[in-house]
Amino acid sequence: MTSVIRIKKGLDIRIKGRAPQVLLAAKKSDRYAVVPDAYAGIYPKVTVRVGDKVKAGTPVMIDKNRPEIRFVAPVSGTVIAVNRGEKRKLLSIEIAPDKEIEYEIFGTKKVSDLGGEEVKEAILMGGLWPCLRQRPYDIVASPADKPRDVFVSAFYSAPLAPDFDFILRGQAEDFQTGIDALAKLTDGKVYVGLRPDSATHPQGAEIIEVYGAHPAGNVGVQINLTKPVNKGETVWVVGAEDVILIGRLFNKGIADFSRLVAITGSEARERGYVKAIAGCRISSLTDGRIPPDGFLNGFQRLNNIRIISGNVLTGTRVREEDYLRPYDNQITVIPEGDDVHELFGWALPGLDKFSVSRTFINWLWGKGKEYVIDARLQGGRRAMIMSNEYDKVFPLDIYPEYLLKAILAFDINKMEQLGIYEVAPEDFALCEFVDTSKIEIQHIVRQGLDALYKEMN
Amino acid sequence: MKVLKDFYESLRPHFEEGGRFSMFRSVYEGMDSFLFVPDTTSRTGVHIHDSMDAKRTMTAVIVSLIFPLLFGIYNTGYQHNLSIGADPGFVMTFLYGLLSVLPQLLVSYVVGLGIEFTVAQWKGEEIQEGFLVSGMLIPLIVPVDTPLWMIAVATAFAVIFAKEVFGGTGYNIFNVALVTRAFLFFAYPASMSGDKVFVRTAATFGIGGGEVVDGFSGATPLGQVGIATKEMIGTFQAVDVTGQPLSTWDMFWGLIPGSIGETSVAAILLGGILLLYTGVASWKTMLSVFVGGAAVSALFNLVGTTVAMSLSPIEHLCLGGFAFGAVFMATDPVTSARTETGKYIYGFLVGAMAILIRVLNPGYPEGMMLAILLMNIFAPLIDYFVVERNITRRLQRVKK
């Protein structure tokens, strides 16, 4: 079954630095890490000690409240550090990898022979459970729940996002197995969102063909426009690449976290796709591909770049010595821009600036021009002044401004009524981009979801 | 550029806490973001931002306001010449107008920005640019002969009590410029209406001045409508300051007596087109105001028992502050309805109320100001019902 949705509201940010479809070589990462901050809604408890030997698939931490959720080592090696920050908050578990990766053997399984509970058990054991996230709250799913449906978006519409069809080459079988496994977890259906011209054709799933600009590929949009989440319901969402990992777990019997990561962004000298394992060092992906940071003669700044694990809208700012975040399939490198001083920027025609506003006469270039966009806010923080800015890029049947105000006031009733259960911070990313008042909208939504979760559980 | 920025940065210590000029810190910060695009980069959330900011939004409005401002300046001189029967040429006419209008503009900006800067310093916040627009709107919606001290008092009242007490730009319930106008209207009615204030006949800084011509009357067309008796239905004719009849085209082009910026529909529409093109103002609000005004005046036209009722919809839309209010006041995003459906309703009611007040209330010849202020109050209610529909839809989904 195929359903079609057309999205009129949205925006494709014409930022420079798309990755061509070529495979680049990756350096070996000298260290891997599991970073609990990347997973929303969990309380990490470390299960290994420094010096322990682990295999790829050995649990290194669990969720305190739901101990059946295990987070496993992505490679084999030795635990060399358990880093903690303020109030002993767990920051990362670092592993020095072996030369050859040794895997925990979970055994190959045929999904069609398994029941729902067995599939669930296998995914939990293999350490892939954190791939499953739930709406409402946008947190790691609870094994105790039975979701109404499972949604997978295989349409990456974010700025400079990798092409899923390219990623899927040679892995279609694992993807199919992953879809089959997910189907066992729900009494409802597995929905797969696809670009209209996609070559991906999973069997046994409801296909949603999505036409339109970003956020057309956001799973939240696809849920809202096909079968929205009501109060009391839970749906699970899984990243399309994580579906491949789940399929691999059943087909090969090992937890193999390797995936393709796109190196993108205007400041990346060499762009393309790199095979990497989530948790590897950013430098193993970017070495030689981005200009060196630092100072010339200790005085003149050489380069001033920002590395993002993920895309420019929802990604996390990282340094080269940090680690690739688990859900990310993209590294974006853009100029930081804090050394740019533009005189009277508010009055200039702004030919080289990207904006949805026509006060900038960049429309002269037509729609083909791509822009180098840096990380500046481009203005000061203000109260909400303009109306209808968010609505233009927010295709969900929700009033974003009113929901935001309800979150700020922490009016639980209003939040429920206005649709908080249907959204994740990423759905508001474009609102935050276009906002003339430069309000930190995703942050507000995340805090609202967290506070609401605490209140309700 | 870098040299300039470095120099500016070198002054910073003087303005920080403990520095010699720390009491002007807000001014320093304000100048900084006025001169340079802020170089702060994003810390959470999206890593890139649209180049549009509040400053540029306000700039777009100010640029659109230049059309009615320039026309108003010329018209002030033009009306003056008509009233004294002189023709000193375009340059002198414009100069007279400029010298008459500029003090009002300056007073409005100095008082308003002064309060804004003080409040920003006091609250330790960045200066907000909202008043840049209000400060330009205020002189455009008052009669040219309004005493400067009145403008000062009214502006101070509006900025403090209509804006700052609510929390500043973006939090106000009422349009600040209109509160200024309303304050003037109710506090000093003699200086804000009648036939003495809309045309400046005295000399300005030694330019112009002289005996008014015979038959001079400075009443605006709407003022004339206001005092017309029932017997004049059908024969009523709006006249200019010398008693010559005015055609509808005259009302459109705007060489007629009235508040400084409101007379020329042509100049206002030019500004309106710019606002709509840049997307700063909502076409939904703007259009609905005109539709609402036209609909109600057409209805009154059918009844036609007073002179005001007998005016055609076109005349109603061209006269007084209707067009100015529709384009620049009703579309203020902060005080108007914020939902898209709400904008249609809000705009329509603004237009309808304006004509309603104009026609049915014998005390006020013009109704736009009161109509918009009234609808400012109802805007959140309109939005409430629009949003409520979304909520109901969500609840019904659960029941299914």
# chains A, B, ... in the order shown; residues from 1 in each chain; ligands from 1

$ interface_residues --of "chain B" --to "chain A" --cutoff "6 Å" --atoms "only C-alpha atoms" --output "PDB file with N, CA, C and O atoms, in the first residue's frame"
ATOM      1  N   LEU B  35      25.908  49.305  14.165  1.00  0.00           N
ATOM      2  CA  LEU B  35      27.026  49.424  13.227  1.00  0.00           C
ATOM      3  C   LEU B  35      27.400  48.084  12.606  1.00  0.00           C
ATOM      4  O   LEU B  35      27.607  47.975  11.408  1.00  0.00           O
ATOM      5  N   PHE B  36      27.500  47.068  13.455  1.00  0.00           N
ATOM      6  CA  PHE B  36      28.002  45.785  12.974  1.00  0.00           C
ATOM      7  C   PHE B  36      26.944  44.705  13.149  1.00  0.00           C
ATOM      8  O   PHE B  36      26.189  44.722  14.109  1.00  0.00           O
ATOM      9  N   VAL B  37      26.949  43.763  12.215  1.00  0.00           N
ATOM     10  CA  VAL B  37      26.113  42.581  12.399  1.00  0.00           C
ATOM     11  C   VAL B  37      26.655  41.831  13.610  1.00  0.00           C
ATOM     12  O   VAL B  37      27.859  41.598  13.687  1.00  0.00           O
ATOM     13  N   PRO B  38      25.795  41.470  14.592  1.00  0.00           N
ATOM     14  CA  PRO B  38      26.312  40.789  15.782  1.00  0.00           C
ATOM     15  C   PRO B  38      27.104  39.537  15.389  1.00  0.00           C
ATOM     16  O   PRO B  38      26.677  38.787  14.506  1.00  0.00           O
ATOM     17  N   ASP B  39      28.261  39.326  16.039  1.00  0.00           N
ATOM     18  CA  ASP B  39      29.065  38.172  15.661  1.00  0.00           C
ATOM     19  C   ASP B  39      28.877  37.003  16.625  1.00  0.00           C
ATOM     20  O   ASP B  39      29.652  36.067  16.626  1.00  0.00           O
ATOM     21  N   THR B  40      27.831  37.059  17.447  1.00  0.00           N
ATOM     22  CA  THR B  40      27.567  35.919  18.315  1.00  0.00           C
ATOM     23  C   THR B  40      27.113  34.751  17.443  1.00  0.00           C
ATOM     24  O   THR B  40      26.359  34.924  16.499  1.00  0.00           O
ATOM     25  N   THR B  41      27.604  33.556  17.785  1.00  0.00           N
ATOM     26  CA  THR B  41      27.220  32.383  17.011  1.00  0.00           C
ATOM     27  C   THR B  41      26.328  31.492  17.864  1.00  0.00           C
ATOM     28  O   THR B  41      26.278  31.642  19.083  1.00  0.00           O
ATOM     29  N   SER B  42      25.648  30.576  17.199  1.00  0.00           N
ATOM     30  CA  SER B  42      24.628  29.813  17.903  1.00  0.00           C
ATOM     31  C   SER B  42      25.265  28.834  18.879  1.00  0.00           C
ATOM     32  O   SER B  42      26.317  28.263  18.617  1.00  0.00           O
ATOM     33  N   GLY B  45      20.663  24.322  19.512  1.00  0.00           N
ATOM     34  CA  GLY B  45      19.715  24.264  18.398  1.00  0.00           C
ATOM     35  C   GLY B  45      20.374  24.389  17.048  1.00  0.00           C
ATOM     36  O   GLY B  45      21.464  23.875  16.830  1.00  0.00           O
ATOM     37  N   VAL B  46      19.703  25.084  16.135  1.00  0.00           N
ATOM     38  CA  VAL B  46      20.205  25.152  14.763  1.00  0.00           C
ATOM     39  C   VAL B  46      21.553  25.864  14.742  1.00  0.00           C
ATOM     40  O   VAL B  46      21.823  26.759  15.542  1.00  0.00           O
ATOM     41  N   HIS B  47      22.388  25.439  13.794  1.00  0.00           N
ATOM     42  CA  HIS B  47      23.719  26.028  13.709  1.00  0.00           C
ATOM     43  C   HIS B  47      23.761  27.209  12.768  1.00  0.00           C
ATOM     44  O   HIS B  47      24.708  27.984  12.772  1.00  0.00           O
ATOM     45  N   ILE B  48      22.784  27.308  11.904  1.00  0.00           N
ATOM     46  CA  ILE B  48      22.748  28.449  10.997  1.00  0.00           C
ATOM     47  C   ILE B  48      21.408  29.160  11.174  1.00  0.00           C
ATOM     48  O   ILE B  48      20.413  28.544  11.556  1.00  0.00           O
ATOM     49  N   HIS B  49      21.420  30.447  10.949  1.00  0.00           N
ATOM     50  CA  HIS B  49      20.198  31.230  11.087  1.00  0.00           C
ATOM     51  C   HIS B  49      19.957  32.035   9.823  1.00  0.00           C
ATOM     52  O   HIS B  49      20.902  32.443   9.150  1.00  0.00           O
ATOM     53  N   ASP B  50      18.696  32.294   9.565  1.00  0.00           N
ATOM     54  CA  ASP B  50      18.340  33.157   8.456  1.00  0.00           C
ATOM     55  C   ASP B  50      18.928  34.545   8.714  1.00  0.00           C
ATOM     56  O   ASP B  50      19.031  34.988   9.854  1.00  0.00           O
ATOM     57  N   SER B  51      19.300  35.213   7.632  1.00  0.00           N
ATOM     58  CA  SER B  51      19.938  36.525   7.795  1.00  0.00           C
ATOM     59  C   SER B  51      18.970  37.603   8.261  1.00  0.00           C
ATOM     60  O   SER B  51      19.375  38.706   8.580  1.00  0.00           O
ATOM     61  N   MET B  52      17.703  37.284   8.276  1.00  0.00           N
ATOM     62  CA  MET B  52      16.692  38.271   8.658  1.00  0.00           C
ATOM     63  C   MET B  52      16.686  38.448  10.174  1.00  0.00           C
ATOM     64  O   MET B  52      16.707  37.487  10.911  1.00  0.00           O
ATOM     65  N   ASP B  53      16.674  39.689  10.638  1.00  0.00           N
ATOM     66  CA  ASP B  53      16.499  39.903  12.067  1.00  0.00           C
ATOM     67  C   ASP B  53      15.526  41.044  12.309  1.00  0.00           C
ATOM     68  O   ASP B  53      15.006  41.640  11.365  1.00  0.00           O
ATOM     69  N   ALA B  54      15.283  41.334  13.576  1.00  0.00           N
ATOM     70  CA  ALA B  54      14.285  42.344  13.923  1.00  0.00           C
ATOM     71  C   ALA B  54      14.669  43.707  13.348  1.00  0.00           C
ATOM     72  O   ALA B  54      13.820  44.471  12.905  1.00  0.00           O
ATOM     73  N   ARG B  56      16.265  44.441  10.609  1.00  0.00           N
ATOM     74  CA  ARG B  56      15.980  44.554   9.193  1.00  0.00           C
ATOM     75  C   ARG B  56      14.478  44.619   8.933  1.00  0.00           C
ATOM     76  O   ARG B  56      14.010  45.304   8.028  1.00  0.00           O
ATOM     77  N   GLY B 170       7.142  43.751  21.503  1.00  0.00           N
ATOM     78  CA  GLY B 170       6.712  42.371  21.348  1.00  0.00           C
ATOM     79  C   GLY B 170       5.726  41.945  22.416  1.00  0.00           C
ATOM     80  O   GLY B 170       5.066  40.925  22.283  1.00  0.00           O
ATOM     81  N   THR B 278       8.049  42.523   0.515  1.00  0.00           N
ATOM     82  CA  THR B 278       9.077  41.983   1.405  1.00  0.00           C
ATOM     83  C   THR B 278       8.488  40.993   2.400  1.00  0.00           C
ATOM     84  O   THR B 278       9.217  40.332   3.122  1.00  0.00           O
ATOM     85  N   PRO B 333       2.374  43.318  13.582  1.00  0.00           N
ATOM     86  CA  PRO B 333       2.228  41.902  13.931  1.00  0.00           C
ATOM     87  C   PRO B 333       2.020  41.668  15.420  1.00  0.00           C
ATOM     88  O   PRO B 333       1.409  40.676  15.814  1.00  0.00           O
ATOM     89  N   VAL B 334       2.542  42.563  16.245  1.00  0.00           N
ATOM     90  CA  VAL B 334       2.471  42.320  17.689  1.00  0.00           C
ATOM     91  C   VAL B 334       1.046  42.495  18.203  1.00  0.00           C
ATOM     92  O   VAL B 334       0.567  41.717  19.018  1.00  0.00           O
ATOM     93  N   ARG B 338      -2.638  36.867  15.319  1.00  0.00           N
ATOM     94  CA  ARG B 338      -1.401  36.205  14.911  1.00  0.00           C
ATOM     95  C   ARG B 338      -1.653  34.927  14.123  1.00  0.00           C
ATOM     96  O   ARG B 338      -0.748  34.387  13.516  1.00  0.00           O
ATOM     97  N   ILE B 391      -7.713  22.630  18.542  1.00  0.00           N
ATOM     98  CA  ILE B 391      -7.781  21.778  19.727  1.00  0.00           C
ATOM     99  C   ILE B 391      -8.965  20.815  19.620  1.00  0.00           C
ATOM    100  O   ILE B 391      -8.847  19.623  19.885  1.00  0.00           O
ATOM    101  N   VAL B 398      -9.243  11.732  18.780  1.00  0.00           N
ATOM    102  CA  VAL B 398      -9.117  10.700  19.806  1.00  0.00           C
ATOM    103  C   VAL B 398     -10.399   9.880  19.874  1.00  0.00           C
ATOM    104  O   VAL B 398     -10.368   8.665  20.008  1.00  0.00           O
TER     105      VAL B 398
END

$ select_by_dssp --residues "segment 189-265 of chain B" --states "strand (DSSP E or B)" --output "VMD selection string"
chain B and resid 204 207 239 245

$ write_last_selection --atoms "all heavy atoms" --output "CSV table (one decimal), in the first residue's frame"
chain,number,residue,atom,x,y,z
B,204,THR,N,7.1,79.2,9.2
B,204,THR,CA,7.9,78.3,9.9
B,204,THR,C,9.4,78.7,9.7
B,204,THR,O,9.8,78.8,8.6
B,204,THR,CB,7.7,76.9,9.3
B,204,THR,OG1,6.3,76.5,9.4
B,204,THR,CG2,8.5,75.9,10.1
B,207,ILE,N,10.0,81.1,7.0
B,207,ILE,CA,9.6,80.8,5.7
B,207,ILE,C,8.0,80.8,5.6
B,207,ILE,O,7.4,80.3,6.6
B,207,ILE,CB,10.1,79.4,5.2
B,207,ILE,CG1,11.6,79.5,5.2
B,207,ILE,CG2,9.5,79.1,3.9
B,207,ILE,CD1,12.2,78.2,4.8
B,239,VAL,N,-14.8,70.1,-0.1
B,239,VAL,CA,-14.0,71.2,-0.7
B,239,VAL,C,-12.6,71.2,-0.1
B,239,VAL,O,-12.3,70.7,0.9
B,239,VAL,CB,-14.7,72.5,-0.6
B,239,VAL,CG1,-16.0,72.6,-1.3
B,239,VAL,CG2,-14.9,72.8,0.9
B,245,PRO,N,-14.2,72.5,-5.1
B,245,PRO,CA,-14.7,71.1,-4.9
B,245,PRO,C,-13.5,70.1,-5.1
B,245,PRO,O,-12.6,70.3,-5.9
B,245,PRO,CB,-15.8,70.9,-6.0
B,245,PRO,CG,-15.5,72.0,-6.9
B,245,PRO,CD,-14.9,73.2,-6.2

$ atom_distance --atom1 "atom CA of Ser259 of chain B" --atom2 "atom CA of Val307 of chain B"
22.0 Å

$ closest_residue --among "B:Phe94, B:Tyr344, B:Phe322, B:Tyr384" --to "Phe71 of chain B" --atoms "only C-alpha atoms"
B:Phe94

$ residues_around --residues "Gly272 of chain B" --least-positions-apart "5" --cutoff "8 Å" --atoms "only C-alpha atoms" --output "ChimeraX atom specification"
/B:64,327-328

$ select_by_dssp --residues "segment 196-400 of chain B" --states "helix (DSSP H, G or I)" --output "NGL selection string"
:B and (221-227 or 230-232 or 248-253 or 265-278 or 283-303 or 307-310 or 313-318 or 322-329 or 340-360 or 368-399)

$ residues_around --residues "Cys318 of chain B" --least-positions-apart "5" --cutoff "12 Å" --atoms "only C-alpha atoms" --output "PyMOL selection string"
chain B and resi 221-222+247-256+258+262-269+290+293-294+311-313+323-326+355

$ atom_distance --atom1 "atom CA of Val291 of chain B" --atom2 "atom CA of Ile372 of chain B"
15.0 Å

$ residues_around --residues "Leu69 of chain B" --least-positions-apart "5" --cutoff "12 Å" --atoms "only C-alpha atoms" --output "PyMOL selection string"
chain B and resi 62-64+74-76+94+97-98+101-102+104-105+136-141+259-264+267-268+270-271+324

$ write_last_selection --atoms "N, CA, C and O atoms" --output "short mmCIF file (atom, residue, chain, number, x, y, z; two decimals), in the first residue's frame"
data_model
loop_
_atom_site.label_atom_id
_atom_site.label_comp_id
_atom_site.auth_asym_id
_atom_site.auth_seq_id
_atom_site.Cartn_x
_atom_site.Cartn_y
_atom_site.Cartn_z
N ILE B 62 10.26 51.13 7.97
CA ILE B 62 10.64 52.54 7.91
C ILE B 62 10.79 53.00 6.47
O ILE B 62 10.34 54.07 6.09
N VAL B 63 11.42 52.14 5.66
CA VAL B 63 11.58 52.51 4.25
C VAL B 63 10.21 52.70 3.58
O VAL B 63 9.99 53.65 2.83
N SER B 64 9.26 51.82 3.90
CA SER B 64 7.93 51.97 3.30
C SER B 64 7.25 53.24 3.78
O SER B 64 6.44 53.83 3.07
N TYR B 74 5.56 67.46 1.51
CA TYR B 74 5.21 68.32 0.38
C TYR B 74 3.79 68.88 0.57
O TYR B 74 3.54 70.07 0.37
N ASN B 75 2.89 68.00 0.98
CA ASN B 75 1.50 68.42 1.12
C ASN B 75 1.33 69.51 2.17
O ASN B 75 0.51 70.41 2.03
N THR B 76 2.14 69.43 3.23
CA THR B 76 2.08 70.48 4.25
C THR B 76 2.39 71.84 3.64
O THR B 76 1.69 72.83 3.87
N PHE B 94 8.46 72.44 -0.53
CA PHE B 94 8.95 71.26 0.16
C PHE B 94 9.71 71.66 1.43
O PHE B 94 9.55 71.04 2.48
N GLY B 97 7.41 72.57 4.18
CA GLY B 97 6.85 71.35 4.76
C GLY B 97 7.86 70.63 5.63
O GLY B 97 7.55 70.19 6.74
N LEU B 98 9.09 70.54 5.12
CA LEU B 98 10.15 69.84 5.86
C LEU B 98 10.38 70.49 7.22
O LEU B 98 10.45 69.81 8.24
N VAL B 101 7.51 69.69 9.54
CA VAL B 101 7.31 68.29 9.97
C VAL B 101 8.50 67.77 10.77
O VAL B 101 8.33 67.02 11.73
N LEU B 102 9.70 68.20 10.38
CA LEU B 102 10.90 67.67 11.01
C LEU B 102 10.91 67.80 12.54
O LEU B 102 11.26 66.84 13.24
N GLN B 104 8.52 67.69 14.60
CA GLN B 104 7.64 66.68 15.18
C GLN B 104 8.30 65.31 15.16
O GLN B 104 8.22 64.55 16.13
N LEU B 105 8.96 65.02 14.03
CA LEU B 105 9.66 63.75 13.91
C LEU B 105 10.75 63.66 14.97
O LEU B 105 10.90 62.64 15.66
N MET B 136 8.38 56.97 13.89
CA MET B 136 8.11 57.51 12.56
C MET B 136 6.61 57.62 12.34
O MET B 136 6.13 58.55 11.67
N LEU B 137 5.86 56.69 12.89
CA LEU B 137 4.41 56.69 12.70
C LEU B 137 3.76 57.88 13.40
O LEU B 137 2.83 58.49 12.87
N ILE B 138 4.26 58.21 14.57
CA ILE B 138 3.59 59.24 15.38
C ILE B 138 3.44 60.57 14.64
O ILE B 138 2.33 61.08 14.51
N PRO B 139 4.51 61.16 14.09
CA PRO B 139 4.31 62.44 13.39
C PRO B 139 3.41 62.30 12.17
O PRO B 139 2.79 63.29 11.76
N LEU B 140 3.34 61.12 11.60
CA LEU B 140 2.55 60.96 10.39
C LEU B 140 1.05 60.94 10.67
O LEU B 140 0.24 61.12 9.76
N ILE B 141 0.67 60.68 11.91
CA ILE B 141 -0.77 60.56 12.18
C ILE B 141 -1.29 61.70 13.04
O ILE B 141 -2.38 61.62 13.58
N SER B 259 -4.11 64.75 8.60
CA SER B 259 -2.88 64.48 9.34
C SER B 259 -1.75 64.28 8.34
O SER B 259 -1.98 63.90 7.19
N ILE B 260 -0.51 64.47 8.79
CA ILE B 260 0.61 64.62 7.86
C ILE B 260 0.73 63.47 6.86
O ILE B 260 0.82 63.68 5.66
N GLY B 261 0.71 62.25 7.34
CA GLY B 261 1.00 61.14 6.44
C GLY B 261 -0.21 60.45 5.85
O GLY B 261 -0.07 59.55 5.04
N GLU B 262 -1.41 60.83 6.29
CA GLU B 262 -2.57 60.01 5.97
C GLU B 262 -3.26 60.37 4.66
O GLU B 262 -4.10 59.62 4.18
N THR B 263 -2.92 61.53 4.06
CA THR B 263 -3.79 62.04 2.99
C THR B 263 -3.65 61.29 1.68
O THR B 263 -4.62 61.07 0.99
N SER B 264 -2.43 60.91 1.31
CA SER B 264 -2.24 60.35 -0.02
C SER B 264 -2.37 58.83 -0.03
O SER B 264 -1.48 58.11 0.43
N ALA B 267 0.62 57.36 -2.11
CA ALA B 267 1.90 57.16 -1.41
C ALA B 267 1.81 56.01 -0.43
O ALA B 267 2.75 55.21 -0.28
N ILE B 268 0.67 55.89 0.24
CA ILE B 268 0.48 54.81 1.21
C ILE B 268 0.52 53.46 0.51
O ILE B 268 1.13 52.51 0.99
N LEU B 270 2.05 52.73 -2.24
CA LEU B 270 3.44 52.44 -2.62
C LEU B 270 4.16 51.77 -1.44
O LEU B 270 4.82 50.74 -1.61
N GLY B 271 4.02 52.38 -0.27
CA GLY B 271 4.61 51.79 0.92
C GLY B 271 4.04 50.41 1.19
O GLY B 271 4.76 49.48 1.55
N PHE B 324 -4.10 54.61 5.61
CA PHE B 324 -2.88 54.57 6.43
C PHE B 324 -3.01 53.53 7.54
O PHE B 324 -2.10 52.73 7.79
#

$ residues_around --residues "Thr226 of chain A" --least-positions-apart "5" --cutoff "9 Å" --atoms "only C-alpha atoms" --output "PyMOL selection string"
chain A and resi 3+5+208+221

$ closest_residue --among "B:Phe90, B:Leu370, B:Gly30, B:Thr220" --to "Thr180 of chain B" --atoms "only C-alpha atoms"
B:Leu370

$ closest_atom_pairs --of "segment 384-455 of chain A" --to "segment 123-143 of chain A" --cutoff "8 Å" --atoms "only C-alpha atoms" --output "CSV"
residue,atom,partner,partner_atom,distance
A:Ile420,CA,A:Pro136,CA,7.6
A:Tyr421,CA,A:Pro136,CA,4.4
A:Glu422,CA,A:Pro136,CA,5.9
A:Val423,CA,A:Pro136,CA,7.1
A:Ala424,CA,A:Asp138,CA,5.6
A:Leu449,CA,A:Tyr137,CA,5.3
A:Asp450,CA,A:Tyr137,CA,7.0
A:Tyr453,CA,A:Tyr137,CA,6.7

$ write_last_selection --atoms "C-alpha atoms" --output "compact mmCIF listing (two decimals), in the first residue's frame"
# COMPACT_ATOMS: atom_id res chain seq x y z
CA ILE A 420 2.92 18.30 22.33
CA TYR A 421 2.69 14.51 22.06
CA GLU A 422 3.16 14.68 18.32
CA VAL A 423 6.34 16.71 18.13
CA ALA A 424 10.06 16.37 18.60
CA LEU A 449 9.16 17.38 26.61
CA ASP A 450 11.53 16.43 29.41
CA TYR A 453 7.75 13.36 30.86

$ closest_residue --among "B:Ala371, B:Ile233, B:Val241, B:Ala158" --to "Gln79 of chain B" --atoms "only C-alpha atoms"
B:Val241

$ atom_distance --atom1 "atom CA of Leu276 of chain B" --atom2 "atom CA of Glu129 of chain B"
20.5 Å

$ closest_residue --among "A:Gln21, A:Gln171, A:Ser153, A:Thr186" --to "Gly220 of chain A" --atoms "only C-alpha atoms"
A:Ser153

$ closest_residue --among "A:Pro97, A:Gly265, A:Pro292, A:Gly193" --to "Val75 of chain A" --atoms "only C-alpha atoms"
A:Pro97
